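Participant: Dropping in structure-v4.tsv, with TSV, C-alpha atoms.
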```tsv
chain	number	residue	atom	x	y	z
D	276	MET	CA	-0.12	12.33	-16.86
D	277	PRO	CA	3.35	12.20	-15.30
D	278	THR	CA	6.05	13.95	-17.31
D	279	THR	CA	8.47	11.03	-16.94
D	280	SER	CA	7.68	7.87	-18.88
D	281	PRO	CA	8.65	4.59	-17.17
D	282	LEU	CA	9.62	3.14	-20.57
D	283	THR	CA	12.63	5.17	-21.65
D	284	ALA	CA	15.26	2.43	-22.00
D	285	PRO	CA	15.55	-1.34	-22.36
D	286	ALA	CA	14.57	-3.11	-19.14
D	287	PHE	CA	13.45	-6.48	-17.84
D	288	ALA	CA	11.78	-7.68	-14.65
D	289	PRO	CA	10.48	-10.90	-13.10
D	290	LEU	CA	6.90	-11.61	-14.12
D	291	SER	CA	4.44	-13.70	-12.11
D	292	TRP	CA	2.96	-15.34	-15.21
D	293	SER	CA	3.17	-18.96	-16.36
D	294	SER	CA	2.08	-21.03	-19.33
D	295	TRP	CA	-0.63	-23.66	-19.73
D	296	THR	CA	-1.93	-25.52	-22.75
D	297	ALA	CA	-5.13	-26.41	-24.55
D	298	THR	CA	-4.96	-29.61	-26.60
D	299	GLY	CA	-7.40	-31.89	-28.44
D	300	ALA	CA	-9.24	-31.55	-31.75
D	301	ASP	CA	-12.00	-29.38	-30.22
D	302	ARG	CA	-9.73	-27.04	-28.23
D	303	VAL	CA	-10.29	-23.92	-30.34
D	304	THR	CA	-14.02	-24.54	-30.81
D	305	LEU	CA	-14.53	-24.84	-27.06
D	306	LEU	CA	-12.43	-21.77	-26.31
D	307	GLN	CA	-14.52	-19.75	-28.80
D	308	THR	CA	-17.56	-20.30	-26.57
D	309	LYS	CA	-15.77	-19.21	-23.39
D	310	LEU	CA	-13.41	-16.38	-24.35
D	311	THR	CA	-14.04	-12.68	-24.96
D	312	CYS	CA	-11.68	-12.77	-27.97
D	313	ASP	CA	-12.45	-14.29	-31.37
D	314	THR	CA	-10.51	-17.51	-31.93
D	315	ARG	CA	-11.38	-17.40	-35.66
D	316	ARG	CA	-8.85	-14.57	-36.05
D	317	TRP	CA	-5.95	-16.52	-34.59
D	318	ALA	CA	-4.86	-18.04	-37.90
D	319	ALA	CA	-4.33	-14.53	-39.29
D	320	ASN	CA	-2.93	-12.73	-36.25
D	321	GLY	CA	-0.99	-15.43	-34.42
D	322	GLY	CA	-3.27	-15.36	-31.39
D	323	SER	CA	-4.59	-12.66	-29.10
D	324	ARG	CA	-5.27	-11.53	-25.59
D	325	GLY	CA	-8.56	-12.79	-24.18
D	326	PHE	CA	-10.44	-13.09	-20.91
D	327	LEU	CA	-12.29	-15.97	-19.34
D	328	ILE	CA	-15.36	-14.52	-17.64
D	329	ASP	CA	-18.29	-15.98	-15.74
D	330	ILE	CA	-21.97	-15.72	-16.63
D	331	ASN	CA	-22.11	-12.33	-14.87
D	332	GLY	CA	-19.25	-10.95	-16.97
D	333	ARG	CA	-16.77	-10.98	-14.11
D	334	LEU	CA	-13.18	-11.95	-14.74
D	335	ILE	CA	-11.84	-15.42	-14.11
D	336	ALA	CA	-8.46	-15.12	-15.82
D	337	ASP	CA	-6.42	-12.95	-18.16
D	338	GLY	CA	-4.62	-14.79	-20.96
D	339	LEU	CA	-2.42	-14.51	-24.04
D	340	TYR	CA	-3.55	-17.27	-26.43
D	341	ARG	CA	-0.99	-18.53	-28.95
D	342	PRO	CA	-1.94	-21.37	-31.36
D	343	THR	CA	1.11	-23.40	-32.25
D	344	GLY	CA	1.17	-26.83	-33.88
D	345	ASP	CA	-1.33	-29.17	-32.28
D	346	LEU	CA	-1.93	-27.03	-29.18
D	347	VAL	CA	-2.79	-23.56	-27.97
D	348	ARG	CA	-0.19	-22.23	-25.55
D	349	VAL	CA	-1.63	-19.78	-23.06
D	350	TYR	CA	0.11	-17.33	-20.73
D	351	SER	CA	-1.75	-16.11	-17.63
D	352	PRO	CA	-0.94	-14.70	-14.20
D	353	THR	CA	0.21	-17.77	-12.29
D	354	ALA	CA	-2.37	-17.38	-9.53
D	355	GLN	CA	-5.21	-17.48	-12.09
D	356	ILE	CA	-4.25	-20.64	-14.00
D	357	GLY	CA	-5.83	-23.13	-11.60
D	358	GLY	CA	-9.15	-21.26	-11.74
D	359	ALA	CA	-8.98	-21.02	-15.53
D	360	ILE	CA	-8.41	-24.75	-15.99
D	361	GLU	CA	-11.07	-25.66	-13.43
D	362	HIS	CA	-13.55	-23.35	-15.18
D	363	LEU	CA	-12.89	-24.81	-18.65
D	364	ASP	CA	-12.87	-28.42	-17.46
D	365	ARG	CA	-16.43	-27.89	-16.24
D	366	TYR	CA	-17.60	-27.50	-19.85
D	367	VAL	CA	-15.79	-30.47	-21.37
D	368	ILE	CA	-18.46	-33.15	-21.87
D	369	LEU	CA	-18.07	-34.94	-25.19
D	370	GLU	CA	-15.53	-32.49	-26.65
D	371	ASP	CA	-11.98	-33.58	-27.38
D	372	ALA	CA	-10.28	-30.87	-25.31
D	373	ARG	CA	-7.79	-30.91	-22.45
D	374	PHE	CA	-6.29	-28.10	-20.38
D	375	ASP	CA	-3.02	-28.55	-18.47
D	376	ALA	CA	-0.54	-26.40	-16.57
D	377	GLU	CA	3.09	-26.38	-17.71
D	378	SER	CA	4.87	-29.34	-16.11
D	379	ALA	CA	8.53	-28.36	-16.57
D	380	PRO	CA	9.89	-25.58	-14.30
D	381	ARG	CA	10.13	-22.31	-16.23
D	382	VAL	CA	10.57	-18.61	-15.49
D	383	CYS	CA	8.76	-15.68	-17.13
D	384	LEU	CA	10.19	-12.19	-17.63
D	385	TRP	CA	8.63	-8.91	-18.71
D	386	VAL	CA	10.96	-7.24	-21.21
D	387	HIS	CA	10.82	-3.78	-22.75
D	388	ALA	CA	12.73	-3.63	-26.04
D	389	PRO	CA	12.33	-0.15	-27.58
D	390	GLU	CA	14.25	-1.08	-30.74
D	391	PRO	CA	12.14	-3.47	-32.86
D	392	GLY	CA	13.92	-6.76	-33.34
D	393	SER	CA	16.69	-6.14	-30.80
D	394	LEU	CA	15.43	-8.74	-28.32
D	395	HIS	CA	14.90	-11.37	-31.01
D	396	ARG	CA	18.37	-10.84	-32.45
D	397	LEU	CA	19.92	-11.13	-28.99
D	398	LEU	CA	18.08	-14.38	-28.20
D	399	GLU	CA	18.56	-15.81	-31.72
D	400	LEU	CA	14.88	-15.86	-32.64
D	401	PRO	CA	13.26	-15.41	-36.07
D	402	ALA	CA	13.06	-11.74	-37.03
D	403	ALA	CA	9.70	-12.35	-38.72
D	404	ALA	CA	8.14	-13.01	-35.31
D	405	VAL	CA	8.47	-9.29	-34.48
D	406	ALA	CA	6.37	-8.10	-37.41
D	407	ASP	CA	3.99	-11.07	-37.26
D	408	ARG	CA	3.63	-10.72	-33.46
D	409	THR	CA	3.79	-14.50	-33.05
D	410	LEU	CA	5.21	-16.83	-30.42
D	411	ALA	CA	8.83	-17.67	-31.27
D	412	GLU	CA	11.15	-20.27	-29.70
D	413	ASN	CA	14.90	-20.70	-30.03
D	414	ALA	CA	17.03	-23.85	-29.93
D	415	ARG	CA	17.44	-23.58	-26.12
D	416	GLY	CA	13.70	-23.57	-25.51
D	417	VAL	CA	13.45	-19.83	-24.80
D	418	ARG	CA	10.07	-18.50	-25.97
D	419	VAL	CA	9.19	-14.87	-26.71
D	420	THR	CA	5.73	-13.47	-27.40
D	421	PRO	CA	4.18	-9.98	-27.48
D	422	PHE	CA	2.87	-8.93	-24.08
D	423	GLU	CA	-0.45	-7.32	-24.99
D	424	PRO	CA	-1.27	-5.81	-21.58
D	425	TRP	CA	1.51	-3.33	-22.42
D	426	PRO	CA	2.04	-1.20	-25.57
D	427	ASP	CA	4.16	-2.35	-28.49
D	428	GLY	CA	7.76	-2.98	-27.52
D	429	CYS	CA	6.93	-5.08	-24.45
D	430	TRP	CA	7.42	-8.84	-24.53
D	431	LEU	CA	6.94	-11.90	-22.36
D	432	VAL	CA	10.06	-14.07	-22.31
D	433	ASP	CA	9.42	-17.64	-21.15
D	434	VAL	CA	12.62	-19.40	-20.13
D	435	PRO	CA	13.44	-22.95	-18.95
D	436	ALA	CA	14.54	-22.62	-15.32
D	437	SER	CA	17.95	-23.99	-16.28
D	438	GLU	CA	18.41	-21.14	-18.79
D	439	ALA	CA	17.10	-18.26	-16.64
D	440	SER	CA	20.45	-17.11	-15.30
D	441	ALA	CA	22.06	-17.20	-18.75
D	442	VAL	CA	19.22	-15.18	-20.30
D	443	THR	CA	19.24	-12.48	-17.62
D	444	THR	CA	23.05	-12.26	-17.88
D	445	THR	CA	22.75	-11.87	-21.65
D	446	LEU	CA	20.18	-9.11	-21.29
D	447	THR	CA	22.22	-7.24	-18.68
D	448	ALA	CA	25.38	-7.46	-20.75
D	449	ALA	CA	23.50	-6.03	-23.74
D	450	GLY	CA	22.37	-2.97	-21.78
D	451	TRP	CA	19.00	-4.00	-20.39
D	452	ALA	CA	18.31	-2.65	-16.90
D	453	ALA	CA	17.31	-5.30	-14.36
D	454	TRP	CA	14.16	-4.04	-12.61
D	455	THR	CA	12.72	-5.47	-9.44
D	456	ALA	CA	9.11	-6.62	-9.23
D	457	GLU	CA	8.43	-3.44	-7.24
D	458	GLN	CA	9.81	-1.26	-10.04
D	459	LEU	CA	7.61	-3.04	-12.56
D	460	ALA	CA	4.58	-2.55	-10.31
D	461	ALA	CA	5.31	1.19	-10.15
D	462	ALA	CA	5.69	1.30	-13.94
D	463	HIS	CA	2.22	-0.24	-14.32
D	464	ILE	CA	0.69	2.64	-12.37
D	465	ILE	CA	2.70	5.38	-14.09
D	466	ALA	CA	2.02	3.98	-17.58
D	467	GLY	CA	-1.68	3.47	-16.83
D	468	VAL	CA	-1.48	-0.29	-17.47
D	469	PRO	CA	-3.66	-2.17	-14.96
D	470	GLU	CA	-2.79	-5.67	-13.78
D	471	VAL	CA	-5.50	-8.30	-13.70
D	472	GLY	CA	-5.22	-9.86	-10.27
D	473	VAL	CA	-3.94	-6.66	-8.65
D	474	ASP	CA	-5.89	-3.63	-9.90
D	475	VAL	CA	-8.64	-5.62	-11.61
D	476	LEU	CA	-9.81	-8.57	-9.53
D	477	PRO	CA	-11.13	-11.95	-10.68
D	478	GLY	CA	-14.62	-12.55	-9.36
D	479	GLU	CA	-15.21	-8.83	-8.79
D	480	HIS	CA	-14.56	-6.74	-11.90
D	481	ILE	CA	-15.76	-6.81	-15.52
D	482	PRO	CA	-13.08	-6.18	-18.21
D	483	LEU	CA	-14.84	-3.12	-19.68
D	484	GLU	CA	-14.87	-1.42	-16.27
D	485	ALA	CA	-11.08	-1.29	-16.49
D	486	GLY	CA	-10.92	-0.30	-20.18
D	487	LEU	CA	-9.40	-3.66	-21.20
D	488	TRP	CA	-10.58	-3.30	-24.79
D	489	ASN	CA	-7.75	-5.24	-26.40
D	490	GLY	CA	-9.00	-8.53	-24.98
D	491	VAL	CA	-12.65	-8.18	-26.04
D	492	GLN	CA	-14.18	-8.45	-29.54
D	493	PHE	CA	-17.81	-7.48	-30.06
D	494	ASN	CA	-18.77	-9.29	-33.27
D	495	LYS	CA	-17.61	-12.84	-32.51
D	496	GLY	CA	-20.95	-14.42	-31.62
D	497	CYS	CA	-22.12	-16.10	-28.42
D	498	TYR	CA	-19.89	-16.90	-25.45
D	499	LEU	CA	-20.33	-17.23	-21.72
D	500	GLY	CA	-20.96	-13.79	-20.16
D	501	GLN	CA	-21.53	-12.10	-23.53
D	502	GLU	CA	-24.89	-10.57	-22.56
D	503	VAL	CA	-23.32	-8.54	-19.75
D	504	ILE	CA	-20.41	-7.39	-21.93
D	505	GLU	CA	-22.71	-6.40	-24.81
D	506	ARG	CA	-25.09	-4.55	-22.50
D	507	LEU	CA	-22.26	-2.51	-20.96
D	508	HIS	CA	-20.81	-1.85	-24.42
D	509	SER	CA	-24.07	-0.73	-26.03
D	510	ARG	CA	-25.09	1.48	-23.12
D	511	GLY	CA	-21.56	2.70	-22.45
D	512	ARG	CA	-22.30	3.16	-18.77
D	513	PRO	CA	-20.44	0.81	-16.41
D	514	SER	CA	-21.35	1.57	-12.80
D	515	ARG	CA	-17.67	2.18	-12.01
D	516	ARG	CA	-14.41	2.74	-13.87
D	517	LEU	CA	-10.74	2.42	-13.07
D	518	VAL	CA	-9.06	5.83	-13.22
D	519	GLN	CA	-5.51	7.15	-13.00
D	520	LEU	CA	-5.09	10.22	-10.79
D	521	THR	CA	-1.94	12.39	-10.76
D	522	TRP	CA	-0.79	15.19	-8.45
D	523	GLN	CA	2.09	17.60	-9.00
D	524	ALA	CA	3.77	16.77	-5.69
D	525	GLY	CA	3.18	14.96	-2.43
D	526	VAL	CA	3.21	11.49	-0.90
D	527	ALA	CA	1.58	8.55	-2.65
D	528	PRO	CA	-1.76	7.67	-0.99
D	529	GLN	CA	-2.19	4.33	0.73
D	530	PRO	CA	-4.41	1.58	-0.76
D	531	GLU	CA	-8.08	1.88	0.24
D	532	THR	CA	-7.80	5.63	0.82
D	533	ASP	CA	-11.22	7.13	0.08
D	534	VAL	CA	-11.86	9.16	-3.06
D	535	LEU	CA	-14.31	11.91	-2.14
D	536	LEU	CA	-16.65	14.20	-4.04
D	537	GLY	CA	-17.40	16.82	-1.44
D	538	GLU	CA	-18.08	14.73	1.65
D	539	ARG	CA	-19.39	11.74	-0.29
D	540	VAL	CA	-17.22	8.66	-0.84
D	541	VAL	CA	-17.24	7.89	-4.58
D	542	GLY	CA	-14.38	5.43	-4.79
D	543	GLY	CA	-11.13	4.18	-3.35
D	544	VAL	CA	-7.43	4.04	-4.18
D	545	VAL	CA	-6.17	0.65	-5.33
D	546	ARG	CA	-2.44	1.41	-5.22
D	547	ALA	CA	-0.12	4.34	-5.88
D	548	THR	CA	3.48	5.32	-6.47
D	549	VAL	CA	5.61	8.41	-7.15
D	550	ALA	CA	6.89	8.98	-10.69
D	551	GLY	CA	10.43	10.01	-11.52
D	552	ASP	CA	9.38	13.68	-11.69
D	553	GLY	CA	8.04	13.53	-8.13
D	554	ALA	CA	4.39	13.29	-9.13
D	555	PRO	CA	2.23	10.93	-7.05
D	556	VAL	CA	0.18	8.67	-9.32
D	557	ALA	CA	-2.66	6.38	-8.23
D	558	PHE	CA	-5.09	3.86	-9.61
D	559	ALA	CA	-8.55	4.20	-8.09
D	560	TRP	CA	-11.98	2.75	-8.69
D	561	VAL	CA	-14.54	5.54	-9.01
D	562	ARG	CA	-18.32	5.38	-9.31
D	563	ARG	CA	-19.91	6.42	-12.59
D	564	ALA	CA	-21.69	9.37	-10.98
D	565	ALA	CA	-18.33	11.06	-10.32
D	566	LEU	CA	-16.69	10.44	-13.70
D	567	GLU	CA	-17.89	13.72	-15.21
D	568	THR	CA	-16.41	15.70	-12.30
D	569	LEU	CA	-13.18	13.85	-11.60
D	570	GLY	CA	-11.32	17.14	-11.41
D	571	ASP	CA	-13.37	17.97	-8.31
D	572	VAL	CA	-12.69	14.77	-6.39
D	573	THR	CA	-10.20	14.76	-3.53
D	574	VAL	CA	-7.99	12.18	-1.84
D	575	ALA	CA	-6.97	12.59	1.78
D	576	GLY	CA	-3.62	14.35	2.15
D	577	LEU	CA	-3.37	15.30	-1.53
D	578	GLY	CA	-6.50	17.23	-2.39
D	579	SER	CA	-7.75	17.36	-5.97
D	580	PRO	CA	-5.61	15.72	-8.68
D	581	SER	CA	-3.80	17.95	-11.14
D	582	SER	CA	-4.77	15.55	-13.92
D	583	TRP	CA	-6.81	12.39	-14.34
D	584	VAL	CA	-7.77	9.91	-16.99
D	585	VAL	CA	-10.22	7.04	-17.21
D	586	VAL	CA	-8.04	3.98	-17.85
D	587	GLY	CA	-8.55	2.69	-21.36
D	588	GLY	CA	-10.92	5.57	-22.18
D	589	ASP	CA	-13.83	4.86	-24.48
D	590	GLU	CA	-13.68	2.00	-26.96
D	591	PRO	CA	-10.79	2.70	-29.35
D	592	GLU	CA	-11.54	2.85	-33.05
D	593	SER	CA	-10.98	-0.49	-34.78
```
Since I need it in another form, could you write the structure as C-alpha cells?

Facilitator:
Amino acid sequence: MPTTSPLTAPAFAPLSWSSWTATGADRVTLLQTKLTCDTRRWAANGGSRGFLIDINGRLIADGLYRPTGDLVRVYSPTAQIGGAIEHLDRYVILEDARFDAESAPRVCLWVHAPEPGSLHRLLELPAAAVADRTLAENARGVRVTPFEPWPDGCWLVDVPASEASAVTTTLTAAGWAAWTAEQLAAAHIIAGVPEVGVDVLPGEHIPLEAGLWNGVQFNKGCYLGQEVIERLHSRGRPSRRLVQLTWQAGVAPQPETDVLLGERVVGGVVRATVAGDGAPVAFAWVRRAALETLGDVTVAGLGSPSSWVVVGGDEPES
C-alpha cells in the first residue's frame, strides 16, 4: 500500500451523486425483494448501503438507503438513478410504491471530517446523528449522511443549489481543503475504494467481484439475483476480482493496459494515479487463475508490483 494516506486532513469535493425517493405503503416491502441489503434492519441502523442487481447478479445501481418519515430517501451516482427507477417501476403491479428523482436542484459533496462531530457542529446538525449514523437535516435544508463507500469519517452532504456556495465557503473558512473531482478520483485509487460506475460497471460486474461486502447481507431471504450472489459467496471463487497494484516508483499506467502473467494476459488496468510518496497505484481487474500469484504479474512499463491487495479481501467478520 502507498505510504501516504489520501485522508490526512479535512477535505471536501464535488460528488456526482443525487437523491431519489421511494414512497407508498409498500415501498420497503418491495425494496426488500430487489436489494442486496436487508431492509428489516433499517429501523435499528438508520438505513444502509445496498445494490440493485439483475437476475444474473450484475449491478444496476449503487445506493445509500435512508428511511425518513413517510419515504425512503436514496442517494446514488447520478448516472445510475434513471436505470434504478426504471428497473423498480417494472415490478410495481398492485403494490403501493412509487420511485421519483429529486425535483428541486441540489448539489452533493463528498466530505472527509476526521474529528467526529465537527461537520455536524459546523452545519448546525444534531450531534446524535454522528453516533446513530442517520440522515440529518438542518433548518436551511442541508442534509448530511454517512457515505458508506468510504471508511468512517466520510460523509455525503446534500445541499440546495441556492445554499451550495455558502456551504463550501463555510467549510473552507473552517479549514477544509477544497479538492477537485480529479483529486477525489485519485484518492479513491490510493485508498482502495472503488467507484460503482467507474471501476465497477453496471451491467458488467457483480458486487462480490469488487469486494463490496458492506452493501450485501447473506441472511435476508429471497431477492432478485440472490442465487448468483449466494453461489459466489458459498464457493468463494469469483472468476475475476478487482485488485489494487502498487509500485515504488514510475509513471501511472494508462487505462486498459494489459496485466500479464508471463506472456499471458490475465487482466487489465482500470485507472491509475501516483500517490503523494511517488508510488504509482492502479486498480485492475484480474482473472481468478492469477490471484494466487499476483506478485508475479507485470504491467507494461512498470514490471511487477511491489505490493498488491485484492480489493475488499475476503468477507469481513460480522

Participant: When you look at Ala379 in chain D with a cut-off of 8 Å (counting all atoms listed in the file), what residues show up, excluding the ones that are within fewer than 2 positions of it in the same chain? I need them as a ChimeraX atom specification.

Facilitator: /D:377,381,435

Participant: At a cut-off of 7 Å, using all atoms listed in the file, what residues contact Ala286 in chain D? Leave out same-chain residues fewer than 3 positions from it and give the result as a ChimeraX atom specification.

Facilitator: /D:386-387,451-454

Participant: So which one's closest to Gly358 in chain D, D:Asp337, D:Asp345, D:Asp371, D:Glu438? Using all atoms listed in the file, please.

Facilitator: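 Between D:Asp337, D:Asp345, D:Asp371, D:Glu438, the residue approaching Gly358 in chain D most closely is D:Asp337.
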
Participant: Report, in Å with one decimal, the straight-line distance from CA of Pro380 in chain D to CA of Ser293 in chain D.

Facilitator: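 CA of Ser293 in chain D lies at a distance of 9.7 Å from CA of Pro380 in chain D.
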
Participant: Could you work out how far CA of Pro555 in chain D lies from CA of Ser351 in chain D, giving the answer in Å with one decimal?

Facilitator: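 Interatomic distance here is 29.3 Å.
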
Participant: Please list as a list in words every residue within 10 Å of Asp571 in chain D, counting all atoms listed in the file and excluding residues in the same chain fewer than 5 positions away.

Facilitator: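 Contacts, with the query itself left out: Leu535, Leu536, Gly537, Ala565, Leu566, Gly578, Ser579, Pro580 and Ser581 of chain D.
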
Participant: If we count all atoms listed in the file and set the cut-off at 7 Å, which residues sit around range 500-502 of chain D, ignoring sequence neighbours fewer than 5 positions away in its own chain? Please answer as an MDAnalysis selection string.

Facilitator: chainID D and resid 328:332

Participant: Measure the distance from CA of Trp522 in chain D to CA of Ala554 in chain D in Å and round it to one decimal.

Facilitator: 5.6 Å

Participant: Tell me which residues come within 8 Å of (-8.3, -12.2, -26.6), as a tab-separated table (two decimals) with C-alpha atoms, keeping the file's coordinate frame, counting all atoms listed in the file in the file's coordinates.

Facilitator:
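out-v7.tsv, written as the output of this step:
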```
chain	number	residue	atom	x	y	z
D	310	LEU	CA	-13.41	-16.38	-24.35
D	311	THR	CA	-14.04	-12.68	-24.96
D	312	CYS	CA	-11.68	-12.77	-27.97
D	313	ASP	CA	-12.45	-14.29	-31.37
D	314	THR	CA	-10.51	-17.51	-31.93
D	322	GLY	CA	-3.27	-15.36	-31.39
D	323	SER	CA	-4.59	-12.66	-29.10
D	324	ARG	CA	-5.27	-11.53	-25.59
D	325	GLY	CA	-8.56	-12.79	-24.18
D	326	PHE	CA	-10.44	-13.09	-20.91
D	338	GLY	CA	-4.62	-14.79	-20.96
D	339	LEU	CA	-2.42	-14.51	-24.04
D	340	TYR	CA	-3.55	-17.27	-26.43
D	489	ASN	CA	-7.75	-5.24	-26.40
D	490	GLY	CA	-9.00	-8.53	-24.98
D	491	VAL	CA	-12.65	-8.18	-26.04
D	492	GLN	CA	-14.18	-8.45	-29.54
```

Participant: Using only C-alpha atoms, which of the listed residues (D:Ala372, D:Leu487, D:Ile465, D:Ala406) sits closest to Asp552 in chain D?

Facilitator: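 For Asp552 in chain D, the nearest of the candidates is D:Ile465.
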
Participant: Under the rule that only C-alpha atoms are counted, which of D:Ile356, D:Ala288, D:Val585, D:Val556 is the nearest residue to Val442 in chain D?

Facilitator: D:Ala288

Participant: Complete range 400-414 of chain D at the level of N, CA, C and O atoms, written as a compact mmCIF listing (two decimals), in the frame of the given file.

Facilitator:
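Written file, part.txt:
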```txt
# COMPACT_ATOMS: atom_id res chain seq x y z
N LEU D 400 16.24 -15.49 -32.27
CA LEU D 400 14.88 -15.86 -32.64
C LEU D 400 14.56 -15.31 -34.01
O LEU D 400 15.17 -14.32 -34.46
N PRO D 401 13.59 -15.89 -34.72
CA PRO D 401 13.26 -15.41 -36.07
C PRO D 401 12.82 -13.95 -36.08
O PRO D 401 11.94 -13.56 -35.30
N ALA D 402 13.41 -13.16 -36.95
CA ALA D 402 13.06 -11.74 -37.03
C ALA D 402 11.61 -11.55 -37.45
O ALA D 402 10.96 -10.57 -37.06
N ALA D 403 11.08 -12.48 -38.24
CA ALA D 403 9.70 -12.35 -38.72
C ALA D 403 8.70 -12.34 -37.58
O ALA D 403 7.60 -11.81 -37.71
N ALA D 404 9.06 -12.94 -36.44
CA ALA D 404 8.14 -13.01 -35.31
C ALA D 404 7.84 -11.63 -34.75
O ALA D 404 6.80 -11.42 -34.12
N VAL D 405 8.72 -10.65 -34.98
CA VAL D 405 8.47 -9.29 -34.48
C VAL D 405 7.32 -8.66 -35.26
O VAL D 405 6.36 -8.16 -34.68
N ALA D 406 7.42 -8.70 -36.58
CA ALA D 406 6.37 -8.10 -37.41
C ALA D 406 5.07 -8.90 -37.34
O ALA D 406 3.98 -8.32 -37.32
N ASP D 407 5.18 -10.22 -37.28
CA ASP D 407 3.99 -11.07 -37.26
C ASP D 407 3.36 -11.15 -35.88
O ASP D 407 2.24 -11.64 -35.73
N ARG D 408 4.10 -10.70 -34.84
CA ARG D 408 3.63 -10.72 -33.46
C ARG D 408 3.21 -12.14 -33.04
O ARG D 408 2.14 -12.35 -32.46
N THR D 409 4.07 -13.10 -33.36
CA THR D 409 3.79 -14.50 -33.05
C THR D 409 4.69 -14.98 -31.91
O THR D 409 5.65 -14.30 -31.52
N LEU D 410 4.37 -16.16 -31.41
CA LEU D 410 5.21 -16.83 -30.42
C LEU D 410 6.41 -17.44 -31.13
O LEU D 410 6.24 -18.18 -32.10
N ALA D 411 7.62 -17.13 -30.67
CA ALA D 411 8.83 -17.67 -31.27
C ALA D 411 9.62 -18.43 -30.21
O ALA D 411 9.56 -18.09 -29.02
N GLU D 412 10.37 -19.45 -30.64
CA GLU D 412 11.15 -20.27 -29.70
C GLU D 412 12.51 -20.55 -30.32
O GLU D 412 12.61 -20.87 -31.51
N ASN D 413 13.58 -20.43 -29.50
CA ASN D 413 14.90 -20.70 -30.03
C ASN D 413 15.34 -22.13 -29.69
O ASN D 413 14.59 -22.91 -29.08
N ALA D 414 16.56 -22.47 -30.08
CA ALA D 414 17.03 -23.85 -29.93
C ALA D 414 17.19 -24.25 -28.47
O ALA D 414 17.24 -25.44 -28.15
```
